[in-house]
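Visitor: File name protein-v2.cif; file contents mmCIF, C-alpha atoms and all ligand atoms; full text below.
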```cif
data_protein
#
loop_
_atom_site.label_atom_id
_atom_site.label_comp_id
_atom_site.auth_asym_id
_atom_site.auth_seq_id
_atom_site.Cartn_x
_atom_site.Cartn_y
_atom_site.Cartn_z
CA MET A 1 0.00 0.00 0.00
CA ARG A 2 2.72 2.44 1.06
CA LYS A 3 4.66 1.53 -2.04
CA VAL A 4 1.71 2.36 -4.29
CA PHE A 5 1.24 5.68 -2.52
CA LEU A 6 4.94 6.50 -2.89
CA LEU A 7 4.87 5.53 -6.51
CA LEU A 8 1.84 7.75 -7.12
CA SER A 9 3.55 10.68 -5.35
CA VAL A 10 6.66 10.29 -7.44
CA MET A 11 4.57 10.05 -10.57
CA THR A 12 2.60 13.18 -9.66
CA VAL A 13 5.76 15.18 -8.95
CA GLY A 14 7.31 13.84 -12.12
CA MET A 15 4.29 14.80 -14.18
CA VAL A 16 4.19 18.33 -12.79
CA LEU A 17 7.90 18.78 -13.45
CA SER A 18 7.72 17.53 -16.97
CA ALA A 19 4.66 19.64 -17.68
CA CYS A 20 6.56 22.73 -16.59
CA GLN A 21 9.74 21.74 -18.37
CA LEU A 22 7.89 21.07 -21.57
CA GLY A 23 5.94 24.28 -21.22
CA ILE A 24 2.62 22.55 -21.68
CA ASN A 25 0.95 23.60 -18.44
CA ARG A 26 -1.85 25.76 -19.84
CA SER A 27 -2.06 28.07 -16.87
CA ASP A 28 1.64 28.90 -17.11
CA ASN A 29 1.64 29.58 -20.79
CA ALA A 30 -1.50 31.45 -21.63
CA ILE A 31 -3.41 34.41 -20.32
CA THR A 32 -6.83 35.68 -21.28
CA VAL A 33 -7.43 39.40 -21.57
CA PHE A 34 -10.93 40.84 -21.23
CA SER A 35 -10.69 44.18 -23.04
CA GLU A 36 -12.99 47.01 -23.93
CA ARG A 37 -10.34 48.59 -26.15
CA HIS A 38 -10.55 48.04 -29.89
CA TYR A 39 -7.16 49.03 -31.24
CA GLU A 40 -5.08 47.03 -33.68
CA ALA A 41 -2.05 48.44 -31.87
CA ASP A 42 -3.10 46.57 -28.71
CA ARG A 43 -3.27 43.23 -30.52
CA ALA A 44 0.11 43.87 -32.16
CA LEU A 45 1.63 44.35 -28.70
CA TYR A 46 -0.06 41.20 -27.39
CA ASP A 47 1.55 39.33 -30.28
CA LEU A 48 4.94 40.80 -29.40
CA PHE A 49 4.51 39.71 -25.77
CA GLU A 50 3.65 36.19 -26.99
CA GLU A 51 6.74 36.13 -29.16
CA ARG A 52 9.03 37.30 -26.35
CA THR A 53 7.69 35.16 -23.51
CA GLY A 54 6.00 32.16 -25.12
CA ILE A 55 2.90 33.08 -23.13
CA GLN A 56 -0.10 32.97 -25.41
CA VAL A 57 -2.49 35.93 -25.12
CA ASN A 58 -6.17 35.20 -25.73
CA LEU A 59 -8.34 38.24 -26.27
CA VAL A 60 -12.03 38.61 -25.42
CA ARG A 61 -13.50 41.95 -26.47
CA ASP A 62 -16.74 43.43 -25.18
CA GLY A 63 -18.17 46.54 -23.55
CA ALA A 64 -17.24 47.49 -19.98
CA ASP A 65 -20.51 46.46 -18.34
CA PRO A 66 -20.84 43.06 -20.10
CA LEU A 67 -17.21 42.26 -19.18
CA LEU A 68 -17.73 43.12 -15.49
CA THR A 69 -20.97 41.13 -15.40
CA ARG A 70 -19.26 38.15 -17.01
CA LEU A 71 -16.39 38.30 -14.50
CA GLU A 72 -18.90 38.41 -11.67
CA ASN A 73 -20.91 35.48 -13.02
CA GLU A 74 -17.86 33.32 -13.72
CA GLY A 75 -16.42 33.94 -10.25
CA GLU A 76 -13.63 31.49 -9.41
CA ASP A 77 -14.11 29.70 -12.72
CA THR A 78 -13.26 32.71 -14.85
CA ILE A 79 -10.86 32.32 -17.74
CA ALA A 80 -9.87 35.99 -17.50
CA ASP A 81 -6.48 37.02 -16.11
CA VAL A 82 -6.44 40.66 -17.15
CA LEU A 83 -9.12 43.34 -17.39
CA VAL A 84 -8.67 46.37 -19.66
CA ILE A 85 -11.28 49.14 -19.68
CA ALA A 86 -11.19 52.23 -21.90
CA ASP A 87 -12.17 54.49 -19.01
CA ALA A 88 -10.55 54.34 -15.56
CA GLY A 89 -14.00 54.55 -13.95
CA GLY A 90 -14.60 50.98 -15.13
CA LEU A 91 -11.64 49.67 -13.13
CA VAL A 92 -12.84 51.55 -10.06
CA ARG A 93 -16.19 49.76 -10.40
CA ALA A 94 -14.42 46.42 -10.90
CA LYS A 95 -12.38 46.97 -7.73
CA ASP A 96 -15.50 47.93 -5.77
CA ARG A 97 -17.25 44.77 -6.93
CA GLY A 98 -14.32 42.60 -5.80
CA LEU A 99 -13.30 41.58 -9.31
CA LEU A 100 -9.61 42.53 -9.11
CA GLN A 101 -6.56 41.52 -7.07
CA THR A 102 -3.62 43.65 -6.01
CA MET A 103 -0.37 43.76 -7.95
CA ASP A 104 3.02 43.80 -6.28
CA SER A 105 5.27 45.53 -8.76
CA PRO A 106 8.02 48.02 -7.89
CA PHE A 107 8.30 48.75 -11.64
CA LEU A 108 4.66 49.83 -11.90
CA GLU A 109 4.87 51.87 -8.71
CA ASP A 110 7.97 53.67 -10.01
CA THR A 111 6.66 54.16 -13.53
CA VAL A 112 3.00 55.08 -13.22
CA PRO A 113 2.40 58.53 -11.71
CA GLU A 114 0.50 58.31 -8.45
CA HIS A 115 -2.66 60.07 -9.64
CA LEU A 116 -2.94 57.59 -12.53
CA ARG A 117 -3.03 54.40 -10.48
CA ASP A 118 -5.05 52.87 -7.68
CA ALA A 119 -3.72 53.69 -4.21
CA ASP A 120 -4.07 50.01 -3.21
CA ASN A 121 -2.43 48.68 -6.41
CA TYR A 122 -5.58 47.11 -7.89
CA TRP A 123 -5.10 48.82 -11.27
CA VAL A 124 -2.86 51.19 -13.19
CA GLY A 125 -3.47 53.56 -16.10
CA LEU A 126 -2.52 52.20 -19.53
CA THR A 127 -2.97 55.26 -21.78
CA LYS A 128 -3.96 58.87 -21.15
CA ARG A 129 -6.62 60.83 -22.96
CA ALA A 130 -7.04 64.61 -22.88
CA ARG A 131 -10.59 65.94 -23.31
CA VAL A 132 -10.23 69.40 -24.79
CA ILE A 133 -12.03 72.23 -26.55
CA VAL A 134 -11.82 72.05 -30.34
CA TYR A 135 -12.61 75.22 -32.31
CA HIS A 136 -12.89 76.57 -35.83
CA PRO A 137 -10.21 79.29 -36.18
CA ASP A 138 -12.37 81.26 -38.67
CA ARG A 139 -15.07 81.77 -36.08
CA VAL A 140 -13.26 81.62 -32.75
CA HIS A 141 -10.03 83.26 -31.68
CA GLU A 142 -7.91 81.35 -29.22
CA SER A 143 -8.01 84.34 -26.84
CA GLU A 144 -11.78 83.83 -26.43
CA LEU A 145 -11.18 80.45 -24.84
CA SER A 146 -10.14 79.77 -21.26
CA THR A 147 -11.92 77.08 -19.25
CA TYR A 148 -14.58 74.37 -19.61
CA GLU A 149 -16.68 76.42 -17.20
CA ALA A 150 -16.51 79.51 -19.45
CA LEU A 151 -18.37 77.56 -22.19
CA ALA A 152 -21.41 77.84 -19.89
CA GLU A 153 -21.46 81.63 -20.32
CA GLU A 154 -23.99 83.40 -22.52
CA GLU A 155 -21.58 84.35 -25.30
CA TRP A 156 -21.47 80.67 -26.28
CA SER A 157 -25.22 80.36 -26.68
CA GLY A 158 -26.03 78.05 -29.61
CA ARG A 159 -22.31 77.47 -30.41
CA VAL A 160 -21.30 74.32 -28.48
CA VAL A 161 -21.55 70.61 -29.30
CA THR A 162 -20.50 67.49 -27.47
CA ARG A 163 -21.74 63.92 -27.06
CA GLN A 164 -24.76 62.68 -25.18
CA ALA A 165 -24.95 62.27 -21.40
CA SER A 166 -24.79 58.49 -21.83
CA ASN A 167 -21.21 58.82 -23.11
CA ILE A 168 -18.63 57.82 -20.51
CA TYR A 169 -16.14 60.52 -21.64
CA ASN A 170 -18.60 63.27 -20.73
CA GLN A 171 -19.61 61.49 -17.53
CA SER A 172 -15.93 61.35 -16.56
CA LEU A 173 -15.41 65.02 -17.42
CA MET A 174 -18.31 65.85 -15.12
CA ALA A 175 -16.98 63.55 -12.38
CA ALA A 176 -13.55 65.18 -12.62
CA LEU A 177 -15.08 68.64 -12.33
CA ILE A 178 -17.09 67.57 -9.28
CA GLU A 179 -13.78 66.58 -7.66
CA ALA A 180 -11.82 69.60 -8.90
CA ILE A 181 -14.26 72.52 -8.51
CA GLY A 182 -17.01 71.08 -6.29
CA ASP A 183 -20.53 69.81 -6.83
CA GLU A 184 -22.22 73.21 -6.99
CA GLN A 185 -19.85 74.67 -9.60
CA ALA A 186 -19.93 71.48 -11.63
CA TYR A 187 -23.73 71.59 -11.64
CA GLN A 188 -23.71 75.20 -12.83
CA PHE A 189 -21.27 74.34 -15.59
CA ALA A 190 -23.48 71.50 -16.83
CA GLN A 191 -26.57 73.65 -16.72
CA GLY A 192 -24.99 76.51 -18.67
CA LEU A 193 -23.30 74.20 -21.14
CA VAL A 194 -26.53 72.41 -22.01
CA SER A 195 -28.30 75.73 -22.49
CA ASN A 196 -25.56 76.70 -24.99
CA PHE A 197 -25.81 73.52 -27.10
CA ALA A 198 -26.13 74.25 -30.82
CA GLU A 199 -28.37 71.20 -31.14
CA SER A 200 -29.46 68.14 -29.24
CA PRO A 201 -26.33 65.96 -28.73
CA SER A 202 -25.79 63.10 -31.17
CA GLY A 203 -22.92 61.12 -32.65
CA ASN A 204 -19.40 60.26 -31.51
CA ASP A 205 -16.43 62.61 -30.95
CA ARG A 206 -15.61 62.72 -34.66
CA ALA A 207 -19.20 63.70 -35.45
CA GLN A 208 -18.70 66.73 -33.18
CA ALA A 209 -15.64 67.74 -35.21
CA SER A 210 -17.75 67.43 -38.36
CA LYS A 211 -20.40 69.74 -36.86
CA VAL A 212 -17.78 72.39 -36.10
CA LEU A 213 -16.24 72.02 -39.57
CA GLN A 214 -19.64 72.44 -41.23
CA GLY A 215 -20.70 75.40 -39.08
CA THR A 216 -23.42 73.81 -36.94
CA ALA A 217 -21.29 74.84 -33.95
CA ASP A 218 -18.13 76.84 -33.27
CA VAL A 219 -16.61 74.67 -30.54
CA ALA A 220 -16.76 71.03 -29.49
CA ILE A 221 -15.61 69.17 -26.40
CA MET A 222 -13.77 66.05 -27.56
CA ASN A 223 -10.69 63.86 -27.05
CA THR A 224 -7.43 64.83 -28.77
CA TYR A 225 -6.52 61.39 -30.18
CA TYR A 226 -9.35 61.63 -32.68
CA PHE A 227 -7.24 64.22 -34.52
CA GLY A 228 -4.65 61.50 -35.15
CA ILE A 229 -7.34 59.02 -36.16
CA MET A 230 -8.96 61.55 -38.52
CA LEU A 231 -5.63 62.51 -40.14
CA ASN A 232 -4.93 58.86 -40.85
CA SER A 233 -8.49 57.87 -41.80
CA GLY A 234 -8.03 58.19 -45.57
CA GLU A 235 -11.37 60.03 -45.65
CA ASP A 236 -11.41 63.53 -47.11
CA TRP A 237 -13.75 65.22 -44.62
CA GLN A 238 -11.88 63.76 -41.65
CA ILE A 239 -8.50 64.88 -42.96
CA GLU A 240 -9.96 68.32 -43.67
CA ALA A 241 -11.40 68.50 -40.14
CA ALA A 242 -8.07 67.57 -38.56
CA ASN A 243 -6.20 70.11 -40.70
CA THR A 244 -8.71 72.93 -40.22
CA LEU A 245 -9.84 72.72 -36.60
CA ALA A 246 -7.63 73.64 -33.66
CA ILE A 247 -7.09 72.12 -30.23
CA PHE A 248 -7.30 74.23 -27.08
CA PHE A 249 -6.25 72.84 -23.70
CA PRO A 250 -8.65 74.40 -21.18
CA ASN A 251 -8.15 75.34 -17.53
CA GLN A 252 -4.42 76.00 -17.88
CA GLU A 253 -4.57 78.84 -15.34
CA THR A 254 -6.80 76.88 -12.99
CA THR A 255 -7.35 73.14 -12.51
CA GLY A 256 -5.54 71.85 -15.60
CA THR A 257 -7.10 69.93 -18.51
CA HIS A 258 -9.23 66.90 -17.75
CA ILE A 259 -7.37 63.62 -18.27
CA ASN A 260 -8.96 60.24 -18.53
CA ALA A 261 -7.10 56.94 -18.81
CA SER A 262 -7.60 53.50 -20.14
CA ALA A 263 -6.70 51.27 -17.25
CA ILE A 264 -5.65 47.69 -16.58
CA GLY A 265 -5.61 45.23 -13.68
CA VAL A 266 -5.31 41.54 -12.75
CA THR A 267 -8.63 39.77 -12.15
CA LYS A 268 -9.44 38.42 -8.68
CA HIS A 269 -9.53 34.79 -9.81
CA ALA A 270 -6.91 34.96 -12.56
CA PRO A 271 -5.70 31.44 -13.43
CA ASN A 272 -2.24 32.91 -14.07
CA PRO A 273 -1.71 36.07 -11.99
CA GLU A 274 2.08 36.13 -12.37
CA ALA A 275 1.98 36.10 -16.15
CA ALA A 276 -0.84 38.65 -15.98
CA GLN A 277 1.34 41.05 -14.01
CA ALA A 278 4.31 40.47 -16.32
CA PHE A 279 2.00 41.30 -19.24
CA ILE A 280 0.90 44.54 -17.57
CA GLU A 281 4.52 45.49 -16.84
CA PHE A 282 5.33 44.86 -20.49
CA LEU A 283 2.49 47.13 -21.63
CA LEU A 284 3.79 49.93 -19.39
CA SER A 285 7.39 49.55 -20.67
CA GLU A 286 8.87 52.38 -22.71
CA GLU A 287 8.85 50.22 -25.80
CA ALA A 288 5.17 49.28 -25.60
CA GLN A 289 4.07 52.75 -24.50
CA SER A 290 5.93 54.33 -27.39
CA TYR A 291 4.23 51.93 -29.79
CA ILE A 292 0.82 52.78 -28.37
CA THR A 293 1.19 56.55 -28.56
CA ASN A 294 2.56 56.36 -32.11
CA ASN A 295 -0.38 54.25 -33.25
CA THR A 296 -3.40 55.35 -31.22
CA TYR A 297 -2.34 59.01 -30.65
CA GLU A 298 -3.23 58.70 -26.96
CA TYR A 299 -0.72 60.06 -24.43
CA PRO A 300 1.67 57.58 -22.80
CA ILE A 301 1.39 56.84 -19.08
CA ASN A 302 5.10 56.06 -18.86
CA PRO A 303 6.65 59.54 -18.50
CA ASN A 304 9.94 58.49 -20.11
CA VAL A 305 8.38 58.07 -23.54
CA GLU A 306 8.95 60.81 -26.11
CA LEU A 307 5.76 62.13 -27.71
CA PRO A 308 5.25 61.61 -31.45
CA ALA A 309 5.62 64.77 -33.58
CA LEU A 310 1.85 65.08 -34.04
CA LEU A 311 1.20 65.13 -30.29
CA GLN A 312 4.08 67.55 -29.80
CA SER A 313 2.48 69.84 -32.38
CA TRP A 314 -0.60 70.16 -30.17
CA GLY A 315 1.60 71.68 -27.48
CA ASN A 316 2.43 71.02 -23.85
CA PHE A 317 -0.28 71.43 -21.28
CA LYS A 318 -1.01 71.20 -17.61
CA GLU A 319 -3.07 68.17 -16.60
CA MET A 320 -5.69 68.07 -13.92
CA GLN A 321 -3.84 66.39 -11.04
CA ILE A 322 -6.81 64.78 -9.30
CA ASN A 323 -6.62 61.02 -8.78
CA ILE A 324 -8.57 59.44 -11.62
CA GLU A 325 -10.25 57.25 -9.01
CA ALA A 326 -12.65 60.22 -8.74
CA LEU A 327 -14.03 59.32 -12.18
CA GLY A 328 -15.48 56.14 -10.68
CA LYS A 329 -16.34 57.68 -7.34
CA TYR A 330 -18.48 60.45 -8.83
CA ASN A 331 -19.86 58.61 -11.87
CA ASN A 332 -23.35 58.26 -10.42
CA ARG A 333 -23.47 61.84 -9.24
CA ALA A 334 -22.24 63.03 -12.66
CA LYS A 335 -25.06 61.12 -14.39
CA GLU A 336 -27.57 62.53 -11.93
CA ILE A 337 -26.48 66.12 -12.62
CA MET A 338 -26.55 65.58 -16.38
CA ASP A 339 -30.05 64.21 -16.10
CA GLN A 340 -31.19 67.09 -13.89
CA VAL A 341 -29.93 69.76 -16.29
CA GLY A 342 -31.51 68.05 -19.30
CA TRP A 343 -28.33 66.85 -21.04
CA ASP A 344 -29.91 64.43 -23.53
CA ASN A 345 -29.00 60.79 -23.23
FE FE B 401 -12.63 56.93 -27.98
#
```
Show how you would write the structure in this file as structure tokens.
Guide:
Amino acid sequence: MRKVFLLLSVMTVGMVLSACQLGINRSDNAITVFSERHYEADRALYDLFEERTGIQVNLVRDGADPLLTRLENEGEDTIADVLVIADAGGLVRAKDRGLLQTMDSPFLEDTVPEHLRDADNYWVGLTKRARVIVYHPDRVHESELSTYEALAEEEWSGRVVTRQASNIYNQSLMAALIEAIGDEQAYQFAQGLVSNFAESPSGNDRAQASKVLQGTADVAIMNTYYFGIMLNSGEDWQIEAANTLAIFFPNQETTGTHINASAIGVTKHAPNPEAAQAFIEFLLSEEAQSYITNNTYEYPINPNVELPALLQSWGNFKEMQINIEALGKYNNRAKEIMDQVGWDN
């Protein structure tokens, strides 16, 4: 009996060893990424990580809410190791719902600025986005622009466009303003802004650029990286919009320009948390961050990366320094305010 037991033990140990040596233990050699992002540049980097490490990267793409719900439903049986959400607020929600685990990475702590990562190491920013004022130089002089809040003043009546209240970028802008200037001021901004809308909000950020180009409005609130996407779209109107319209970074004398971030973390029940963290460290490396900014025109999180010429041409600017955790914390309040002031969904 004892002999059989011993034999079994030796066999088990032997099998585990050989599995590792041969690199056929699935959990050691594959990770699954649940991602809301839809960039070819992301997949190209996943391929590079595969090539370098031999760890296969499976990608599941869906919206933020379906991904969080799936993680919740799968619980301990989830196949997901890594969660990537286009807006940091999504990672805050994932943390609150117990869907993430902490990372222990001196590299990430050194590399990612403090306001762009979770204080308890549940997630870090992956890319930065600046939400700015875009204007038509024929109808607006730069000197007329100053802050987001100023767009709520009467002189902008019928001249402003931006997306619907259901859009997470605008929800996050509102959440950031609640944190930076207080609930009351943020409410007043929303109220004045909505009363200055040129038309009922519709379309994505690029549609707002089109409205300013065509004269429906004089200014739009939108993310900068769409200028890079439009320039490289191969479509005449988009190239014209990017070459004609100008970017203004608001709140330079006050709070700084609102920054959002795509963010990334290791799932609570990741089958392969070590590989997941190595993957995240790779994505925050100078090499990967440089590749991202050159291909998606977002800003790098890693401060050691040189900006591409296009992003440099937009100019340097002061960022809002609030912790982006606020985007999750005030998401509900932001939606409530937008609803109260009649910002169409
Ligand atoms: Fe976007």
Visitor: Expressed in Å to a single decimal, how great is the separation between atom CA of A:Ala241 and atom CA of A:Phe227?
Guide: 8.2 Å
Visitor: From the list A:Tyr330, A:Tyr169, A:Tyr39, A:Phe34, which residue is nearest A:Leu67 when using all atoms listed in the file?
Guide: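 Between A:Tyr330, A:Tyr169, A:Tyr39, A:Phe34, the residue approaching A:Leu67 most closely is A:Phe34.
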Visitor: How would you write, as a PyMOL selection string, the set of residues no farther than 12 Å from ligand FE 401 (chain B) when counting only C-alpha atoms and all ligand atoms?
Guide: chain A and resi 36-39+85-87+127-131+163+167-170+204-206+222-229+260-262+296-298
Visitor: Determine, counting only C-alpha atoms, which protein, DNA and RNA residues have an atom within 12 Å of an atom of A:Thr267; residues of the same chain fewer than 3 positions away are not included. Present the result as an MDAnalysis selection string.
Guide: chainID A and resid 31:35 67:68 70:72 74:84 91 94:95 97:103 122:123 264 270:277 280
Visitor: Hey, can you spit out that residue selection with C-alpha atoms as a short mmCIF file (atom, residue, chain, number, x, y, z; two decimals), in the frame of the given file?
Guide:
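Full text of part-v3.cif as output:
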```cif
data_model
loop_
_atom_site.label_atom_id
_atom_site.label_comp_id
_atom_site.auth_asym_id
_atom_site.auth_seq_id
_atom_site.Cartn_x
_atom_site.Cartn_y
_atom_site.Cartn_z
CA ILE A 31 -3.41 34.41 -20.32
CA THR A 32 -6.83 35.68 -21.28
CA VAL A 33 -7.43 39.40 -21.57
CA PHE A 34 -10.93 40.84 -21.23
CA SER A 35 -10.69 44.18 -23.04
CA LEU A 67 -17.21 42.26 -19.18
CA LEU A 68 -17.73 43.12 -15.49
CA ARG A 70 -19.26 38.15 -17.01
CA LEU A 71 -16.39 38.30 -14.50
CA GLU A 72 -18.90 38.41 -11.67
CA GLU A 74 -17.86 33.32 -13.72
CA GLY A 75 -16.42 33.94 -10.25
CA GLU A 76 -13.63 31.49 -9.41
CA ASP A 77 -14.11 29.70 -12.72
CA THR A 78 -13.26 32.71 -14.85
CA ILE A 79 -10.86 32.32 -17.74
CA ALA A 80 -9.87 35.99 -17.50
CA ASP A 81 -6.48 37.02 -16.11
CA VAL A 82 -6.44 40.66 -17.15
CA LEU A 83 -9.12 43.34 -17.39
CA VAL A 84 -8.67 46.37 -19.66
CA LEU A 91 -11.64 49.67 -13.13
CA ALA A 94 -14.42 46.42 -10.90
CA LYS A 95 -12.38 46.97 -7.73
CA ARG A 97 -17.25 44.77 -6.93
CA GLY A 98 -14.32 42.60 -5.80
CA LEU A 99 -13.30 41.58 -9.31
CA LEU A 100 -9.61 42.53 -9.11
CA GLN A 101 -6.56 41.52 -7.07
CA THR A 102 -3.62 43.65 -6.01
CA MET A 103 -0.37 43.76 -7.95
CA TYR A 122 -5.58 47.11 -7.89
CA TRP A 123 -5.10 48.82 -11.27
CA ILE A 264 -5.65 47.69 -16.58
CA ALA A 270 -6.91 34.96 -12.56
CA PRO A 271 -5.70 31.44 -13.43
CA ASN A 272 -2.24 32.91 -14.07
CA PRO A 273 -1.71 36.07 -11.99
CA GLU A 274 2.08 36.13 -12.37
CA ALA A 275 1.98 36.10 -16.15
CA ALA A 276 -0.84 38.65 -15.98
CA GLN A 277 1.34 41.05 -14.01
CA ILE A 280 0.90 44.54 -17.57
#
```
Visitor: Hey, which of A:Met338, A:Leu283, A:Met320, A:Val132 ends up closest to A:Val112? Count only C-alpha atoms.
Guide: A:Leu283
Visitor: What is the distance between atom CA of A:Ala64 and atom CA of A:Trp343, in Å to one decimal?
Guide: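 Pair atom CA of A:Ala64 / atom CA of A:Trp343 returns 22.3 Å.
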Visitor: Give me, please, the distance in Å between atom CA of A:Asn304 and atom CA of A:Phe49, quoted to one decimal.
Guide: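 Here the two named atoms are 20.4 Å from each other.
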Visitor: Considering all atoms listed in the file, state which residue in the set A:Gln188, A:Glu235, A:Glu281, A:His258 is at the smallest distance from A:Gln171.
Guide: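 Ranking A:Gln188, A:Glu235, A:Glu281, A:His258 by distance to A:Gln171, first place goes to A:His258.
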Visitor: A:Val140: which residues within 12 Å, counting only C-alpha atoms, same-chain residues fewer than 4 positions away excluded, as a count of residues only?
Guide: 20
Visitor: Out of A:Ser290, A:Thr162, A:Ser233, A:Gln238, which residue has the shortest atom-to-atom distance to A:Gln208 when counting all atoms listed in the file?
Guide: A:Thr162
Visitor: Would you mind telling me which residue in A:Ser210, A:Asn251, A:Thr216, A:Ser202 lies nearest to A:Asp236 when using all atoms listed in the file?
Guide: A:Ser210
